[in-house]
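A.B. asks: The following file, target-v3.txt, comprises compact mmCIF, C-alpha atoms:
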# COMPACT_ATOMS: atom_id res chain seq x y z
CA MET R 1 24.96 52.10 -11.10
CA ARG R 2 27.56 49.44 -10.34
CA GLU R 3 26.97 47.78 -6.97
CA PHE R 4 30.23 48.82 -5.30
CA ALA R 5 30.44 52.38 -6.65
CA GLY R 6 31.89 54.60 -3.91
CA LYS R 7 32.93 51.66 -1.75
CA ARG R 8 36.47 51.71 -0.39
CA VAL R 9 38.08 48.30 -0.85
CA LEU R 10 41.48 46.99 0.22
CA VAL R 11 42.90 43.82 -1.36
CA THR R 12 46.23 42.47 -0.11
CA GLY R 13 48.48 40.35 -2.30
CA ALA R 14 46.64 41.76 -5.29
CA ALA R 15 49.25 41.82 -8.06
CA LYS R 16 48.97 38.23 -9.22
CA GLY R 17 47.01 34.99 -9.03
CA ILE R 18 43.93 34.89 -6.87
CA GLY R 19 44.46 38.46 -5.63
CA ARG R 20 44.46 39.76 -9.18
CA GLY R 21 41.17 38.01 -9.90
CA ILE R 22 39.64 39.49 -6.75
CA ALA R 23 40.86 42.99 -7.63
CA ARG R 24 39.36 42.75 -11.12
CA SER R 25 35.98 41.61 -9.74
CA PHE R 26 35.75 44.62 -7.42
CA ALA R 27 36.99 47.02 -10.10
CA GLU R 28 34.32 45.83 -12.51
CA ALA R 29 31.74 46.38 -9.75
CA GLY R 30 32.80 50.03 -9.41
CA ALA R 31 34.85 49.99 -6.19
CA ASP R 32 37.66 52.39 -5.30
CA LEU R 33 40.67 50.16 -4.71
CA LEU R 34 43.80 50.14 -2.59
CA LEU R 35 45.86 47.21 -3.86
CA HIS R 36 48.76 45.90 -1.81
CA TYR R 37 51.67 44.00 -3.35
CA ARG R 38 55.07 42.93 -2.09
CA SER R 39 57.59 41.97 -4.75
CA ASP R 40 57.07 43.10 -8.34
CA PRO R 41 56.31 46.76 -9.22
CA ALA R 42 56.02 45.97 -12.94
CA GLU R 43 53.39 43.34 -12.24
CA ALA R 44 51.47 45.76 -10.01
CA GLU R 45 51.60 48.51 -12.63
CA SER R 46 50.31 46.09 -15.26
CA LEU R 47 47.35 45.39 -12.97
CA ARG R 48 46.69 49.11 -12.57
CA ALA R 49 46.69 49.50 -16.36
CA GLU R 50 44.42 46.50 -16.76
CA LEU R 51 41.90 47.82 -14.24
CA ALA R 52 41.99 51.33 -15.71
CA GLU R 53 39.81 49.92 -18.49
CA THR R 54 37.01 49.49 -15.93
CA GLY R 55 37.17 53.14 -14.83
CA ALA R 56 38.05 52.15 -11.26
CA ALA R 57 40.19 54.39 -9.05
CA VAL R 58 43.25 52.26 -8.24
CA HIS R 59 45.95 52.99 -5.65
CA LEU R 60 49.00 50.74 -5.30
CA PHE R 61 51.06 50.23 -2.16
CA ARG R 62 54.13 48.05 -1.72
CA CYS R 63 55.19 46.55 1.61
CA ASP R 64 55.91 43.26 3.39
CA LEU R 65 52.93 42.22 5.51
CA GLY R 66 55.11 39.71 7.34
CA THR R 67 56.59 42.66 9.23
CA GLU R 68 55.06 45.02 11.76
CA GLU R 69 56.41 48.01 9.85
CA GLY R 70 54.76 46.79 6.66
CA ILE R 71 51.38 46.37 8.32
CA ASP R 72 51.57 49.77 10.00
CA THR R 73 52.54 51.60 6.82
CA LEU R 74 49.81 49.93 4.73
CA PHE R 75 47.08 51.00 7.10
CA ALA R 76 48.48 54.49 7.49
CA GLU R 77 48.17 54.73 3.71
CA ALA R 78 44.63 53.33 3.76
CA GLU R 79 43.64 55.92 6.32
CA ARG R 80 45.32 58.70 4.36
CA ILE R 81 43.65 57.77 1.07
CA PHE R 82 40.23 56.59 2.20
CA GLY R 83 39.77 57.73 5.80
CA GLY R 84 38.08 54.39 6.48
CA LEU R 85 37.23 51.10 4.81
CA ASP R 86 34.08 49.35 3.62
CA VAL R 87 35.57 46.05 2.42
CA ALA R 88 38.89 44.28 2.96
CA VAL R 89 40.13 41.06 1.38
CA ASN R 90 43.16 39.54 3.10
CA ASN R 91 44.69 37.48 0.34
CA ALA R 92 48.41 38.03 1.01
CA GLY R 93 50.16 34.90 2.20
CA TRP R 94 53.08 32.59 1.58
CA ASP R 95 52.96 29.01 0.33
CA PRO R 96 56.35 27.28 0.67
CA GLY R 97 55.21 24.23 -1.32
CA TYR R 98 56.22 20.75 -0.21
CA VAL R 99 58.15 20.76 3.06
CA ALA R 100 59.24 17.47 4.65
CA LEU R 101 58.89 17.25 8.42
CA GLU R 102 62.67 17.02 8.73
CA ALA R 103 63.03 20.36 6.92
CA ILE R 104 60.85 22.32 9.35
CA ASP R 105 62.97 24.58 11.51
CA TYR R 106 62.44 27.70 13.62
CA ALA R 107 63.32 30.10 10.81
CA LEU R 108 60.85 28.55 8.38
CA TYR R 109 58.16 28.48 11.07
CA ARG R 110 58.66 32.17 11.84
CA LYS R 111 58.67 33.20 8.18
CA LEU R 112 55.44 31.37 7.40
CA THR R 113 53.52 32.24 10.55
CA ASP R 114 54.63 35.90 10.42
CA MET R 115 53.06 36.18 6.98
CA ASN R 116 50.05 33.89 7.16
CA ILE R 117 48.97 34.13 10.79
CA LYS R 118 50.41 37.32 12.29
CA GLY R 119 49.96 39.23 9.05
CA THR R 120 46.32 38.19 8.64
CA LEU R 121 45.49 38.85 12.30
CA PHE R 122 46.92 42.36 12.40
CA CYS R 123 45.47 43.25 9.01
CA CYS R 124 42.06 42.25 10.36
CA LEU R 125 42.53 44.30 13.52
CA ASN R 126 43.50 47.38 11.53
CA GLU R 127 40.60 46.85 9.12
CA ILE R 128 38.20 46.65 12.04
CA ARG R 129 39.65 49.90 13.41
CA LEU R 130 39.08 51.70 10.11
CA MET R 131 35.58 50.28 9.71
CA ARG R 132 34.72 51.39 13.22
CA LYS R 133 36.01 54.85 12.34
CA SER R 134 33.63 55.00 9.38
CA GLY R 135 30.74 53.89 11.57
CA ARG R 136 28.87 52.09 8.81
CA GLY R 137 29.94 48.50 9.28
CA GLY R 138 31.86 46.57 6.68
CA SER R 139 32.93 43.21 5.34
CA ILE R 140 36.25 41.44 5.91
CA ILE R 141 37.10 38.41 3.79
CA ASN R 142 40.09 36.22 4.61
CA ILE R 143 41.55 33.84 2.04
CA GLY R 144 42.26 30.45 3.56
CA SER R 145 42.60 27.08 1.83
CA VAL R 146 40.87 23.71 1.66
CA GLN R 147 44.11 22.47 3.21
CA MET R 148 42.93 23.84 6.55
CA GLU R 149 41.51 20.33 7.13
CA THR R 150 41.93 18.15 4.02
CA THR R 151 45.50 18.10 2.83
CA VAL R 152 48.39 16.06 1.45
CA PRO R 153 51.83 15.11 2.84
CA GLY R 154 54.44 17.85 3.12
CA ARG R 155 51.98 20.61 4.04
CA THR R 156 52.12 20.67 7.85
CA LEU R 157 53.06 24.33 8.33
CA TYR R 158 50.88 25.64 5.51
CA ALA R 159 47.82 23.64 6.60
CA MET R 160 48.33 24.79 10.20
CA SER R 161 48.43 28.43 9.14
CA LYS R 162 45.26 28.15 7.08
CA GLY R 163 43.51 26.39 9.97
CA ALA R 164 44.41 29.37 12.13
CA ILE R 165 42.82 31.75 9.61
CA HIS R 166 39.63 29.66 9.64
CA SER R 167 39.46 29.89 13.46
CA LEU R 168 40.36 33.59 13.49
CA THR R 169 37.52 34.33 11.08
CA GLY R 170 34.91 32.78 13.34
CA GLU R 171 36.16 34.48 16.48
CA LEU R 172 36.35 37.94 14.93
CA ALA R 173 32.83 37.55 13.53
CA LEU R 174 31.59 37.06 17.10
CA GLU R 175 33.53 40.05 18.37
CA VAL R 176 32.50 42.65 15.79
CA GLY R 177 29.13 41.44 14.52
CA PRO R 178 27.23 43.82 16.82
CA GLU R 179 28.96 46.72 15.06
CA GLY R 180 27.75 45.67 11.62
CA ILE R 181 31.10 44.23 10.58
CA ARG R 182 30.95 40.80 8.97
CA VAL R 183 33.97 38.48 8.76
CA ASN R 184 34.08 35.48 6.44
CA CYS R 185 36.68 33.24 4.83
CA ILE R 186 37.08 31.71 1.37
CA ALA R 187 38.95 28.40 1.14
CA PRO R 188 40.06 27.84 -2.46
CA GLY R 189 40.96 24.48 -3.93
CA TYR R 190 42.99 24.05 -7.12
CA ILE R 191 43.12 27.45 -8.82
CA ALA R 192 44.99 28.00 -12.10
CA VAL R 193 47.62 30.51 -11.02
CA LYS R 194 50.97 30.99 -12.75
CA ARG R 195 53.05 29.31 -10.05
CA MET R 196 51.02 26.12 -10.23
CA CYS R 197 50.62 26.06 -14.01
CA GLU R 198 54.37 26.48 -14.54
CA SER R 199 55.41 23.88 -11.97
CA PRO R 200 57.26 20.77 -13.22
CA GLY R 201 54.91 17.97 -14.20
CA PHE R 202 51.78 20.11 -14.13
CA ASP R 203 49.00 18.28 -15.99
CA GLU R 204 45.76 20.24 -16.08
CA ALA R 205 43.72 17.38 -17.54
CA GLU R 206 44.92 14.96 -14.88
CA ILE R 207 44.10 17.33 -12.02
CA ALA R 208 40.73 18.26 -13.51
CA SER R 209 39.80 14.58 -13.81
CA GLY R 210 39.95 14.31 -10.03
CA ILE R 211 37.68 17.31 -9.42
CA PRO R 212 33.94 16.58 -9.41
CA VAL R 213 33.10 19.51 -11.74
CA ARG R 214 35.95 18.37 -14.05
CA ARG R 215 37.86 21.63 -14.27
CA ILE R 216 40.46 23.60 -12.34
CA GLY R 217 39.27 26.87 -10.83
CA VAL R 218 40.32 30.29 -12.07
CA PRO R 219 41.00 33.45 -10.02
CA GLY R 220 37.67 34.90 -11.14
CA ASP R 221 35.88 32.09 -9.29
CA ILE R 222 37.32 33.38 -6.03
CA GLY R 223 36.66 36.99 -7.06
CA ALA R 224 32.99 36.20 -7.65
CA CYS R 225 32.66 34.62 -4.21
CA ALA R 226 34.40 37.58 -2.54
CA LEU R 227 32.10 40.00 -4.35
CA PHE R 228 29.05 38.11 -3.12
CA LEU R 229 30.29 37.97 0.50
CA ALA R 230 30.98 41.71 0.49
CA SER R 231 27.57 42.54 -0.96
CA GLY R 232 24.25 43.25 0.64
CA LYS R 233 23.04 39.86 -0.60
CA ALA R 234 25.25 38.30 2.09
CA SER R 235 24.19 40.61 4.92
CA PHE R 236 23.14 37.66 7.13
CA ILE R 237 26.34 35.67 6.53
CA SER R 238 29.21 36.01 8.98
CA GLY R 239 31.77 33.75 10.65
CA GLN R 240 31.68 31.24 7.80
CA THR R 241 34.30 29.57 5.63
CA PHE R 242 33.17 29.06 2.03
CA ILE R 243 34.96 26.23 0.25
CA VAL R 244 35.38 27.02 -3.45
CA ASP R 245 37.00 23.91 -4.91
CA GLY R 246 34.68 22.29 -7.43
CA GLY R 247 33.78 19.69 -4.82
CA VAL R 248 37.21 18.08 -4.48
CA SER R 249 37.37 18.32 -0.69
CA ARG R 250 34.24 16.14 -0.40
CA LYS R 251 36.07 13.12 -1.78
CA LEU R 252 36.93 10.34 0.64
CA ALA R 253 40.57 10.32 -0.45
CA ARG R 254 42.84 12.63 -2.39
CA GLY R 255 45.97 11.95 -4.36
CA SER R 256 49.33 12.73 -2.80
CA ARG R 257 50.18 15.43 -5.38
What do you get writing this file as C-alpha cells?
C.D. replies:
Amino acid sequence: MREFAGKRVLVTGAAKGIGRGIARSFAEAGADLLLHYRSDPAEAESLRAELAETGAAVHLFRCDLGTEEGIDTLFAEAERIFGGLDVAVNNAGWDPGYVALEAIDYALYRKLTDMNIKGTLFCCLNEIRLMRKSGRGGSIINIGSVQMETTVPGRTLYAMSKGAIHSLTGELALEVGPEGIRVNCIAPGYIAVKRMCESPGFDEAEIASGIPVRRIGVPGDIGACALFLASGKASFISGQTFIVDGGVSRKLARGSR
C-alpha cells in the first residue's frame, strides 16, 4: 500500500513550479488531493491529467489567496470535499523579482504581504481548524525561502515576507503541538522552475557552479522533502525550517544575481 493512501492533502499554488512537484510527490504516494491554483485553468487541467496516471483522486479549486474571500472559499471547498485535512502544504506566494528600494510603495507592500504573509497565516489557521475537526492530528508544511536570512540586493519585501513565514512556523508549532499537529517549513534555494529558466540571461551552468552540489534543484527535490515531513518518519519533527538548496546558503558570500 502506498504510504499516503486515504490521506487528505491540500497543496496551494499547485499548478506549476515547486507546487506541481509537490503535488506529484503526494499523488505518487497515494494521497487524495485538493490542488489550489490562481491564474491558469489550462495549466491546472494539465496537472490533473498528469496525476491521473498515478491513480490519485484530484480536485482542483481556483481562487486568489491574497484575498479574504479566496481563503474562505478554498477552505469551504476543502471541508465540503474532505470534511477535514491530514496534510497541508502552503506553497502559494508571490515573488515580484528585483525591486529597488525606491520602487517600494504602499500598494506593492500590500500586494506582497497580503499574499505571502496574510495568505499563509490564514491558510494555516483554517488548516488547523480542519485538522482539529478530524481529531487525528496532521502536518502543515509552509514553503519559505533561503532568502529569509541570506539574500541579494533588491529583495527587501520578498525576504521580509519569507522571514515572517519562518517565524510563523515556529510559533504555530508551539501552539498546536499538544494536539498532534506538526508545523514545519521548507526553504528552497535555486529551483529550476519555468519563470527562472526563461528569464533573460539565465545560465544554468554558471548558477550550478556556485552551488556546492554543482546542480540546480528541481521541484521534485522539494516534493521529496515535503513528503518526508508529512510522513510518520518525521513524527518528532516540528517547528523547524529545512533548507533545501544544495548547500549554497552556507557560503560566506553570494553573487548579486
A.B. asks: Hey, what's within 10 Å of range 143-145 of chain R if we count all atoms listed in the file and toss same-chain stuff fewer than 3 positions away? As a VMD selection string, please?
C.D. replies: chain R and resid 18 to 19 89 to 93 116 120 148 to 151 158 to 159 161 to 166 169 184 to 190 222 226 241 to 245
A.B. asks: Select, from R:Thr156, R:Gln147, R:Ser139, R:Thr54, the residue with the minimum atom-to-atom distance to Arg24 in chain R, counting all atoms listed in the file.
C.D. replies: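 For Arg24 in chain R, the nearest of the given residues is R:Thr54.
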A.B. asks: What gap, in Å, lies between CA of Arg129 in chain R and CA of Glu179 in chain R?
C.D. replies: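 These atoms are spaced 11.3 Å apart.
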A.B. asks: To one decimal in Å, tell me the separation between CA of Met115 in chain R and CA of Phe202 in chain R.
C.D. replies: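 Interatomic distance, CA of Met115 in chain R to CA of Phe202 in chain R: 26.6 Å.
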A.B. asks: Taking all atoms of range 3-20 of chain R that appear in the file, build a box with edges along x, y and z, extend it by 3 Å on every side, and state its centre and edge lengths in Å to one decimal, as AutoDock Vina command-line options.
C.D. replies:
--center_x 38.1 --center_y 44.7 --center_z -4.5 --size_x 28.3 --size_y 25.7 --size_z 15.4
